[in-house]
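query26.cif (mmCIF, C-alpha atoms)
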data_my_file
#
loop_
_atom_site.label_atom_id
_atom_site.label_comp_id
_atom_site.auth_asym_id
_atom_site.auth_seq_id
_atom_site.Cartn_x
_atom_site.Cartn_y
_atom_site.Cartn_z
CA MET B 78 145.77 138.36 81.09
CA ARG B 79 146.17 134.62 81.06
CA HIS B 80 143.29 132.46 79.93
CA ARG B 81 142.55 128.96 81.09
CA PRO B 82 143.05 126.31 78.45
CA SER B 83 139.73 125.25 76.98
CA SER B 84 140.51 121.60 77.79
CA ILE B 85 140.64 122.35 81.53
CA VAL B 86 137.34 124.25 81.42
CA HIS B 87 135.79 121.40 79.45
CA ARG B 88 136.97 118.77 81.93
CA ARG B 89 135.61 120.75 84.86
CA TRP B 90 132.28 121.18 83.10
CA VAL B 91 132.08 117.45 82.37
CA SER B 92 133.01 116.66 85.99
CA LYS B 93 130.31 118.98 87.32
CA VAL B 94 127.66 117.46 85.02
CA ALA B 95 128.71 113.93 86.03
CA GLN B 96 128.48 114.82 89.73
CA THR B 97 125.04 116.36 89.23
CA LEU B 98 123.78 113.29 87.37
CA LEU B 99 125.16 111.03 90.11
CA VAL B 100 123.37 113.02 92.81
CA ILE B 101 120.12 112.89 90.81
CA LEU B 102 120.48 109.12 90.32
CA VAL B 103 121.10 108.48 94.02
CA GLY B 104 118.21 110.76 94.91
CA LEU B 105 115.88 108.84 92.60
CA LEU B 106 116.93 105.54 94.18
CA PHE B 107 115.80 106.88 97.57
CA PHE B 108 112.67 108.55 96.15
CA VAL B 109 111.27 105.61 94.15
CA PRO B 110 110.09 103.59 97.22
CA PHE B 111 108.15 106.61 98.47
CA VAL B 112 106.53 107.14 95.06
CA TRP B 113 105.59 103.45 94.94
CA MET B 114 104.04 103.69 98.42
CA VAL B 115 101.91 106.69 97.41
CA ALA B 116 100.88 104.98 94.16
CA ALA B 117 100.01 101.75 96.00
CA SER B 118 97.86 103.71 98.46
CA LEU B 119 95.67 104.81 95.54
CA LYS B 120 95.24 101.36 93.97
CA THR B 121 92.90 98.48 94.59
CA SER B 122 94.27 95.75 96.84
CA LYS B 123 94.80 93.21 94.05
CA ASP B 124 96.64 95.72 91.84
CA VAL B 125 99.31 96.62 94.38
CA PHE B 126 101.68 93.81 93.36
CA THR B 127 100.93 93.59 89.65
CA ILE B 128 103.78 92.39 87.43
CA PRO B 129 105.30 94.43 85.89
CA PRO B 130 104.82 97.08 88.61
CA THR B 131 103.14 100.33 87.64
CA PHE B 132 103.30 103.75 89.27
CA ILE B 133 100.05 105.00 87.74
CA PRO B 134 97.03 103.81 89.78
CA GLN B 135 94.35 101.98 87.83
CA VAL B 136 90.67 101.63 88.71
CA PRO B 137 88.12 99.20 87.24
CA ARG B 138 86.02 100.31 84.29
CA TYR B 139 82.25 100.02 84.57
CA ALA B 140 79.44 99.86 82.04
CA THR B 141 76.01 101.21 82.91
CA ILE B 142 73.16 98.86 81.98
CA ASN B 143 69.59 99.79 82.94
CA GLY B 144 70.99 102.32 85.38
CA GLN B 145 73.23 99.75 87.12
CA PRO B 146 77.07 99.80 86.95
CA PHE B 147 78.75 96.50 86.03
CA PRO B 148 82.51 95.83 85.85
CA MET B 149 83.94 95.44 82.36
CA PHE B 150 86.16 92.59 81.17
CA THR B 151 87.68 91.27 77.98
CA LEU B 152 86.89 87.73 76.91
CA ALA B 153 88.50 85.58 74.21
CA ARG B 154 85.81 83.53 72.46
CA ASP B 155 85.56 81.91 69.02
CA GLY B 156 88.79 83.57 67.94
CA GLN B 157 87.50 87.02 68.89
CA THR B 158 88.14 89.35 71.81
CA LEU B 159 84.87 90.50 73.28
CA THR B 160 84.26 93.39 75.66
CA VAL B 161 81.72 92.22 78.22
CA ALA B 162 80.03 93.44 81.39
CA ALA B 163 79.75 91.01 84.30
CA ALA B 164 76.24 91.08 85.73
CA LYS B 165 76.96 88.38 88.31
CA ILE B 166 80.02 86.46 89.47
CA GLU B 167 79.52 83.42 91.69
CA GLY B 168 82.47 81.16 92.40
CA ASN B 169 84.11 80.20 89.11
CA VAL B 170 81.12 81.12 86.94
CA ALA B 171 80.32 84.61 85.64
CA THR B 172 77.18 85.81 83.86
CA VAL B 173 78.22 88.38 81.25
CA LEU B 174 76.78 90.50 78.46
CA ASP B 175 78.56 91.23 75.19
CA LEU B 176 78.56 95.02 75.01
CA ASN B 177 79.07 94.97 71.25
CA ASN B 178 75.97 92.78 70.78
CA PRO B 179 73.56 93.39 73.68
CA PRO B 180 70.53 91.79 71.93
CA ALA B 181 72.30 88.41 72.09
CA GLY B 182 71.57 88.42 75.82
CA TYR B 183 73.52 87.10 78.79
CA PHE B 184 75.63 83.98 78.78
CA GLU B 185 77.83 82.17 81.28
CA VAL B 186 81.63 81.76 81.12
CA GLU B 187 84.36 80.59 83.45
CA ARG B 188 85.70 83.31 85.74
CA ARG B 189 89.29 82.60 84.76
CA GLN B 190 88.52 83.53 81.14
CA LEU B 191 87.80 87.14 82.08
CA PHE B 192 90.44 89.87 82.15
CA GLU B 193 89.43 93.03 83.97
CA LEU B 194 89.48 96.33 82.10
CA THR B 195 90.98 99.28 83.98
CA GLN B 196 91.63 102.95 83.42
CA PRO B 197 93.89 105.53 85.13
CA GLY B 198 92.30 106.70 88.34
CA ALA B 199 92.83 107.00 92.08
CA MET B 200 91.08 105.16 94.89
CA LEU B 201 90.90 108.18 97.21
CA GLY B 202 88.52 106.27 99.46
CA ASN B 203 91.46 104.17 100.67
CA TYR B 204 92.48 106.93 103.07
CA PRO B 205 89.20 107.27 105.02
CA ASP B 206 88.88 103.46 104.95
CA ALA B 207 92.35 103.11 106.48
CA LEU B 208 91.53 105.66 109.20
CA GLU B 209 88.26 103.88 109.97
CA LYS B 210 89.86 100.44 110.24
CA MET B 211 92.68 101.73 112.43
CA GLY B 212 90.07 102.63 115.01
CA MET B 213 91.34 105.31 117.40
CA PHE B 214 93.61 107.08 114.89
CA PRO B 215 93.07 110.58 116.39
CA ARG B 216 93.96 109.19 119.83
CA PHE B 217 97.11 107.50 118.50
CA LEU B 218 98.11 110.71 116.72
CA ALA B 219 97.58 112.81 119.86
CA ASN B 220 99.59 110.32 121.93
CA THR B 221 102.49 110.41 119.48
CA LEU B 222 102.52 114.21 119.23
CA PHE B 223 102.38 114.63 123.01
CA LEU B 224 105.21 112.16 123.51
CA SER B 225 107.30 113.79 120.77
CA VAL B 226 106.90 117.32 122.15
CA ALA B 227 107.60 116.26 125.74
CA ILE B 228 110.76 114.34 124.80
CA ILE B 229 112.00 117.18 122.58
CA ILE B 230 111.55 119.70 125.40
CA GLY B 231 113.25 117.44 127.92
CA GLY B 232 116.11 116.64 125.56
CA LEU B 233 116.76 120.27 124.65
CA ILE B 234 116.84 121.41 128.27
CA SER B 235 119.07 118.63 129.59
CA CYS B 236 121.38 118.23 126.60
CA SER B 237 121.95 121.94 126.03
CA LEU B 238 122.82 122.50 129.70
CA ALA B 239 125.24 119.55 129.68
CA ALA B 240 126.75 120.65 126.36
CA TYR B 241 127.25 124.18 127.73
CA GLY B 242 129.09 122.80 130.72
CA PHE B 243 131.31 120.64 128.51
CA SER B 244 132.12 123.40 126.01
CA ARG B 245 132.05 126.81 127.76
CA ILE B 246 133.08 126.14 131.36
CA ASP B 247 136.52 124.94 132.49
CA TRP B 248 136.44 122.47 135.37
CA PRO B 249 138.72 119.64 136.48
CA GLY B 250 138.15 116.37 134.63
CA ARG B 251 135.81 117.91 132.10
CA ASP B 252 137.25 116.11 129.07
CA ALA B 253 137.43 112.77 130.89
CA VAL B 254 133.78 113.00 131.90
CA PHE B 255 132.84 113.93 128.34
CA VAL B 256 134.63 110.85 127.00
CA LEU B 257 132.74 108.77 129.56
CA VAL B 258 129.45 110.27 128.35
CA LEU B 259 130.33 109.48 124.74
CA ALA B 260 131.19 105.91 125.73
CA THR B 261 127.55 105.33 126.71
CA ILE B 262 126.64 105.46 123.01
CA MET B 263 128.31 102.06 122.63
CA LEU B 264 126.07 100.42 125.24
CA PRO B 265 123.48 98.21 123.48
CA PHE B 266 119.87 98.79 124.45
CA TRP B 267 119.49 95.22 125.74
CA VAL B 268 122.26 95.75 128.32
CA THR B 269 120.20 98.37 130.15
CA PHE B 270 116.76 97.04 129.28
CA VAL B 271 116.34 94.55 132.15
CA PRO B 272 117.35 96.89 135.04
CA LEU B 273 115.31 99.72 133.53
CA PHE B 274 112.26 97.48 133.11
CA ILE B 275 112.49 96.32 136.74
CA THR B 276 112.83 99.91 137.93
CA TYR B 277 109.84 101.10 135.90
CA LYS B 278 107.79 98.15 137.12
CA GLN B 279 108.52 99.00 140.76
CA LEU B 280 107.52 102.60 140.12
CA GLY B 281 104.18 101.45 138.69
CA TRP B 282 104.72 103.04 135.29
CA ILE B 283 104.28 99.84 133.25
CA ASP B 284 100.78 98.63 132.30
CA SER B 285 99.26 101.89 133.48
CA SER B 286 95.96 102.70 131.76
CA ALA B 287 96.61 106.43 132.20
CA PRO B 288 98.54 107.49 129.08
CA TYR B 289 100.49 110.32 130.63
CA LYS B 290 101.60 108.18 133.57
CA ALA B 291 102.74 105.42 131.21
CA TYR B 292 104.69 107.99 129.20
CA LEU B 293 106.89 108.82 132.20
CA ILE B 294 109.00 105.86 131.05
CA PHE B 295 109.98 107.90 127.99
CA ILE B 296 109.80 111.48 129.30
CA VAL B 297 111.85 111.16 132.50
CA PRO B 298 114.95 109.74 130.73
CA ALA B 299 114.68 112.57 128.16
CA PHE B 300 115.29 115.08 130.97
CA CYS B 301 118.50 113.18 131.80
CA GLY B 302 120.04 113.87 128.39
CA ASN B 303 121.57 111.61 125.76
CA ALA B 304 125.12 111.40 124.56
CA PHE B 305 124.51 112.00 120.85
CA ASP B 306 122.64 115.30 121.25
CA ILE B 307 125.10 116.46 123.91
CA PHE B 308 127.92 115.81 121.44
CA LEU B 309 126.21 117.75 118.62
CA LEU B 310 125.39 120.73 120.83
CA ARG B 311 128.87 120.78 122.38
CA GLN B 312 130.52 120.85 118.97
CA PHE B 313 128.37 123.78 117.89
CA PHE B 314 128.76 125.72 121.15
CA ARG B 315 132.53 125.57 120.70
CA THR B 316 132.23 127.52 117.42
CA ILE B 317 130.76 130.53 119.26
CA PRO B 318 133.54 133.04 120.05
CA GLN B 319 134.59 132.92 123.69
CA GLU B 320 134.98 136.72 123.61
CA LEU B 321 131.19 137.06 123.67
CA SER B 322 131.01 135.19 126.96
CA ASP B 323 133.92 137.18 128.41
CA ALA B 324 132.24 140.46 127.49
CA ALA B 325 128.99 139.31 129.11
CA ARG B 326 130.83 138.35 132.32
CA ILE B 327 132.41 141.80 132.46
CA ASP B 328 128.90 143.25 132.22
CA GLY B 329 127.87 141.11 135.21
CA ALA B 330 126.04 138.29 133.43
CA SER B 331 125.84 134.93 135.19
CA GLU B 332 126.70 131.65 133.50
CA PHE B 333 123.01 130.84 133.11
CA GLY B 334 122.43 134.30 131.65
CA ILE B 335 125.21 133.74 129.10
CA TYR B 336 123.74 130.33 128.28
CA ALA B 337 120.17 131.62 127.88
CA ARG B 338 120.76 135.05 126.33
CA ILE B 339 123.86 134.53 124.17
CA VAL B 340 124.65 130.89 123.43
CA LEU B 341 121.13 129.56 122.78
CA PRO B 342 120.01 132.41 120.46
CA LEU B 343 123.17 131.87 118.37
CA SER B 344 122.56 128.12 118.20
CA LYS B 345 119.28 127.98 116.30
CA PRO B 346 120.66 125.76 113.48
CA ILE B 347 121.88 123.01 115.79
CA ILE B 348 118.75 123.28 117.96
CA ALA B 349 116.67 122.72 114.83
CA THR B 350 118.83 119.71 114.04
CA VAL B 351 118.26 118.24 117.50
CA ILE B 352 114.51 118.85 117.21
CA VAL B 353 114.30 117.11 113.84
CA THR B 354 116.43 114.10 114.81
CA THR B 355 114.60 113.67 118.13
CA PHE B 356 111.21 113.95 116.47
CA LEU B 357 112.19 111.35 113.86
CA TYR B 358 113.39 108.98 116.58
CA VAL B 359 110.24 109.30 118.70
CA TRP B 360 107.87 109.27 115.73
CA ASN B 361 109.38 106.06 114.31
CA ASP B 362 110.10 104.34 117.62
CA PHE B 363 108.38 100.97 117.78
CA GLN B 364 110.56 99.03 120.20
CA GLY B 365 109.86 101.21 123.25
CA PRO B 366 106.05 101.36 122.84
CA LEU B 367 106.00 97.62 122.11
CA LEU B 368 107.75 96.84 125.41
CA TYR B 369 106.10 99.37 127.71
CA LEU B 370 102.72 100.41 126.26
CA ASN B 371 100.35 97.47 126.55
CA THR B 372 97.04 99.37 126.80
CA GLU B 373 95.51 100.38 123.47
CA GLU B 374 94.64 103.86 124.75
CA THR B 375 98.35 104.57 125.23
CA TRP B 376 99.60 103.33 121.86
CA THR B 377 101.58 105.53 119.50
CA LEU B 378 101.10 105.55 115.74
CA ALA B 379 104.06 103.24 115.11
CA ARG B 380 102.65 100.66 117.54
CA ALA B 381 99.12 100.98 116.14
CA LEU B 382 100.32 100.71 112.53
CA THR B 383 102.05 97.41 113.23
CA VAL B 384 98.99 96.01 115.01
CA PHE B 385 96.85 97.14 112.06
CA TYR B 386 99.17 95.11 109.81
CA GLN B 387 99.25 91.99 112.01
CA SER B 388 95.68 91.72 113.32
CA ARG B 389 93.79 91.27 110.04
CA ARG B 390 94.07 90.10 106.49
CA VAL B 391 96.45 92.56 104.94
CA ASP B 392 94.80 95.01 102.56
CA TRP B 393 98.02 96.37 101.20
CA ASN B 394 96.43 99.42 99.63
CA LEU B 395 94.98 100.44 103.01
CA MET B 396 98.30 99.63 104.68
CA MET B 397 100.10 101.92 102.24
CA ALA B 398 97.49 104.65 102.79
CA ALA B 399 98.05 104.46 106.55
CA SER B 400 101.81 104.55 105.95
CA VAL B 401 101.49 107.68 103.82
CA LEU B 402 99.51 109.39 106.58
CA PHE B 403 102.17 108.28 109.06
CA THR B 404 104.92 109.80 106.88
CA ILE B 405 103.33 113.18 106.11
CA PRO B 406 104.23 114.93 109.43
CA VAL B 407 107.88 113.87 109.07
CA ILE B 408 108.05 115.24 105.52
CA LEU B 409 106.44 118.54 106.55
CA LEU B 410 108.84 118.94 109.48
CA PHE B 411 111.90 118.31 107.35
CA PHE B 412 110.58 120.56 104.56
CA PHE B 413 110.22 123.57 106.87
CA ALA B 414 113.39 122.89 108.90
CA GLN B 415 115.71 121.58 106.19
CA ARG B 416 117.86 124.71 105.91
CA SER B 417 118.58 124.90 109.64
CA PHE B 418 118.94 121.11 109.81
CA VAL B 419 121.60 120.97 107.07
CA GLU B 420 123.41 124.03 108.41
CA GLY B 421 123.56 122.60 111.93
CA ILE B 422 124.98 119.27 110.73
CA LYS B 423 127.50 121.04 108.48
CA VAL B 424 128.83 123.40 111.13
CA SER B 425 129.04 120.70 113.82
CA GLY B 426 130.77 118.33 111.44
CA ILE B 427 133.34 120.89 110.34
CA LYS B 428 134.16 121.74 113.95
#
Would you kindly transcribe this structure into structure tokens?
Amino acid sequence: MRHRPSSIVHRRWVSKVAQTLLVILVGLLFFVPFVWMVAASLKTSKDVFTIPPTFIPQVPRYATINGQPFPMFTLARDGQTLTVAAAKIEGNVATVLDLNNPPAGYFEVERRQLFELTQPGAMLGNYPDALEKMGMFPRFLANTLFLSVAIIIGGLISCSLAAYGFSRIDWPGRDAVFVLVLATIMLPFWVTFVPLFITYKQLGWIDSSAPYKAYLIFIVPAFCGNAFDIFLLRQFFRTIPQELSDAARIDGASEFGIYARIVLPLSKPIIATVIVTTFLYVWNDFQGPLLYLNTEETWTLARALTVFYQSRRVDWNLMMAASVLFTIPVILLFFFAQRSFVEGIKVSGIK
């Protein structure tokens, strides 16, 4: 029996470790912004952009005097660093008490001389505050979920039927039509925006106060398919053995029966991929709702989040809390569908 030289085994081990470390490093680069967002959502507004940045949220320390909480600061005075409690702060003047010598009583100092004392802690109240200041958050969430589900259903029906026709049925000019469909991916949105806007306006779908009528602008095109999902589904359908379809035809199955009872059940990975990608697109879409949804009752979360940012003085901690809430459904969806999502992309890409 021949043995591999130890040098070859060593080089392969070093290569595998280096690849693993590289993947971890790249993963951390993508993960750090999310960690910072979560940490910022638990901070006070003024601590969000502290230099140097910290990932551990800090909350002010308080001292209890006569049953009343007062914020604690450090103060440099007479060559000493005092720990004081601020009983009152008005403008540039603060009335403080030296906690190490309470009998000395209160005295006044300039506000800029005080440095706030903090301790590790989380401002969990930022989340209900963000929901309260966003106003109709439950309505925005329901609008976004309804729109996402409707577009996913429409896209799956239309794209899977088109992909079946392009992959499992032979007809004259099939490949030429498929190339034409793929070519539509290269059309910029602004090329079709003006004629689509005029059409929707004539149909009375724009500026409608009824949410589900306004959403026809997004739902109807979903039932007409899109080139990217058709391409993904077609590539996967072509990996299914043609012998299965031939056997079903011998047994008397129709084309729709083959599509519904054989092809679709075997295509769960790519269907999961289409669901995840479509959901991400609809959930994060801001351009469409900005152009077509002008009534607040019809807004999606992406539209409402931007208005929340623009319409008031920015409390960045509340903005980050709202962003975390906006991100949670996407993370949960990917967490539960990641295996099918990765498998669908891998199989379609290999084909």
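Restricting the calculation to only C-alpha atoms, the smallest distance between Asn394 in chain B and any of B:Arg154, B:Lys290, B:Arg380, B:Lys120 is found for B:Lys120.
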Spell out the residues picked by the PyMOL selection byres ((chain B and resi 339) around 12) here, as a PDB file with C-alpha atoms, keeping the file's coordinate frame.
ATOM      1  CA  TYR B 241     127.250 124.180 127.730  1.00  0.00           C
ATOM      2  CA  ARG B 245     132.050 126.810 127.760  1.00  0.00           C
ATOM      3  CA  PHE B 314     128.760 125.720 121.150  1.00  0.00           C
ATOM      4  CA  ILE B 317     130.760 130.530 119.260  1.00  0.00           C
ATOM      5  CA  PRO B 318     133.540 133.040 120.050  1.00  0.00           C
ATOM      6  CA  GLN B 319     134.590 132.920 123.690  1.00  0.00           C
ATOM      7  CA  GLU B 320     134.980 136.720 123.610  1.00  0.00           C
ATOM      8  CA  LEU B 321     131.190 137.060 123.670  1.00  0.00           C
ATOM      9  CA  SER B 322     131.010 135.190 126.960  1.00  0.00           C
ATOM     10  CA  ASP B 323     133.920 137.180 128.410  1.00  0.00           C
ATOM     11  CA  ALA B 324     132.240 140.460 127.490  1.00  0.00           C
ATOM     12  CA  ALA B 325     128.990 139.310 129.110  1.00  0.00           C
ATOM     13  CA  ARG B 326     130.830 138.350 132.320  1.00  0.00           C
ATOM     14  CA  ALA B 330     126.040 138.290 133.430  1.00  0.00           C
ATOM     15  CA  SER B 331     125.840 134.930 135.190  1.00  0.00           C
ATOM     16  CA  GLU B 332     126.700 131.650 133.500  1.00  0.00           C
ATOM     17  CA  PHE B 333     123.010 130.840 133.110  1.00  0.00           C
ATOM     18  CA  GLY B 334     122.430 134.300 131.650  1.00  0.00           C
ATOM     19  CA  ILE B 335     125.210 133.740 129.100  1.00  0.00           C
ATOM     20  CA  TYR B 336     123.740 130.330 128.280  1.00  0.00           C
ATOM     21  CA  ALA B 337     120.170 131.620 127.880  1.00  0.00           C
ATOM     22  CA  ARG B 338     120.760 135.050 126.330  1.00  0.00           C
ATOM     23  CA  VAL B 340     124.650 130.890 123.430  1.00  0.00           C
ATOM     24  CA  LEU B 341     121.130 129.560 122.780  1.00  0.00           C
ATOM     25  CA  PRO B 342     120.010 132.410 120.460  1.00  0.00           C
ATOM     26  CA  LEU B 343     123.170 131.870 118.370  1.00  0.00           C
ATOM     27  CA  SER B 344     122.560 128.120 118.200  1.00  0.00           C
ATOM     28  CA  LYS B 345     119.280 127.980 116.300  1.00  0.00           C
TER      29      LYS B 345
END
What are the closest atom pairs, with distances in Å to one decimal, for all residues of range 291-352 of chain B lying within 7 Å of range 228-239 of chain B? Consider all atoms listed in the file, order rows by chain and residue number, and present the result as JSON lines.
{"residue": "B:Ile296", "atom": "CA", "partner": "B:Ile228", "partner_atom": "CA", "distance": 5.4}
{"residue": "B:Ala299", "atom": "CA", "partner": "B:Gly232", "partner_atom": "CA", "distance": 5.0}
{"residue": "B:Phe300", "atom": "CA", "partner": "B:Gly231", "partner_atom": "CA", "distance": 4.4}
{"residue": "B:Cys301", "atom": "CA", "partner": "B:Ser235", "partner_atom": "CA", "distance": 5.9}
{"residue": "B:Gly302", "atom": "CA", "partner": "B:Cys236", "partner_atom": "CA", "distance": 4.9}
{"residue": "B:Asn303", "atom": "CA", "partner": "B:Cys236", "partner_atom": "CA", "distance": 6.7}
{"residue": "B:Asp306", "atom": "CA", "partner": "B:Cys236", "partner_atom": "CA", "distance": 6.2}
{"residue": "B:Ile307", "atom": "CA", "partner": "B:Cys236", "partner_atom": "CA", "distance": 4.9}
{"residue": "B:Leu310", "atom": "CA", "partner": "B:Ser237", "partner_atom": "CA", "distance": 6.4}
{"residue": "B:Ile352", "atom": "CA", "partner": "B:Ile229", "partner_atom": "CA", "distance": 6.2}
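The space between CA of Ile294 in chain B and CA of Glu374 in chain B spans 15.8 Å.
Taking all atoms listed in the file, the non-local environment of range 128-145 of chain B within 9 Å (same-chain residues fewer than 3 positions away omitted) comprises Val112, Trp113, Val115, Ala116, Ala117, Ser118, Leu119, Lys120, Thr121, Asp124, Val125, Pro148, Met149, Phe150, Val161, Ala162, Leu176, Glu193, Leu194, Thr195, Gln196, Pro197, Gly198, Ala199 and Met200 of chain B.
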Could you spell out the hits of the PyMOL selection byres ((chain B and resi 363) around 9) on the shown file, as an MDAnalysis selection string?
-> chainID B and resid 359:362 364:368 377:380 383
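The residue that comes closest to Ser122 in chain B, out of B:Val391, B:Ala399, B:Val103, B:Ile85 and on the basis of all atoms listed in the file, is B:Val391.
With distances restricted to only C-alpha atoms, B:Lys210 is the closest residue to Val384 in chain B from B:His87, B:Lys210, B:Arg216, B:Arg189.
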Quick one: residues within 10 Å of Tyr369 in chain B, all atoms listed in the file counted, chain neighbours fewer than 2 positions away excluded, as a ChimeraX atom specification?
-> /B:274,277-278,282-285,291-292,294-295,364-367,371-372,375-376
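Counting from CA of Pro298 in chain B, the distance to CA of Val353 in chain B is 18.4 Å.
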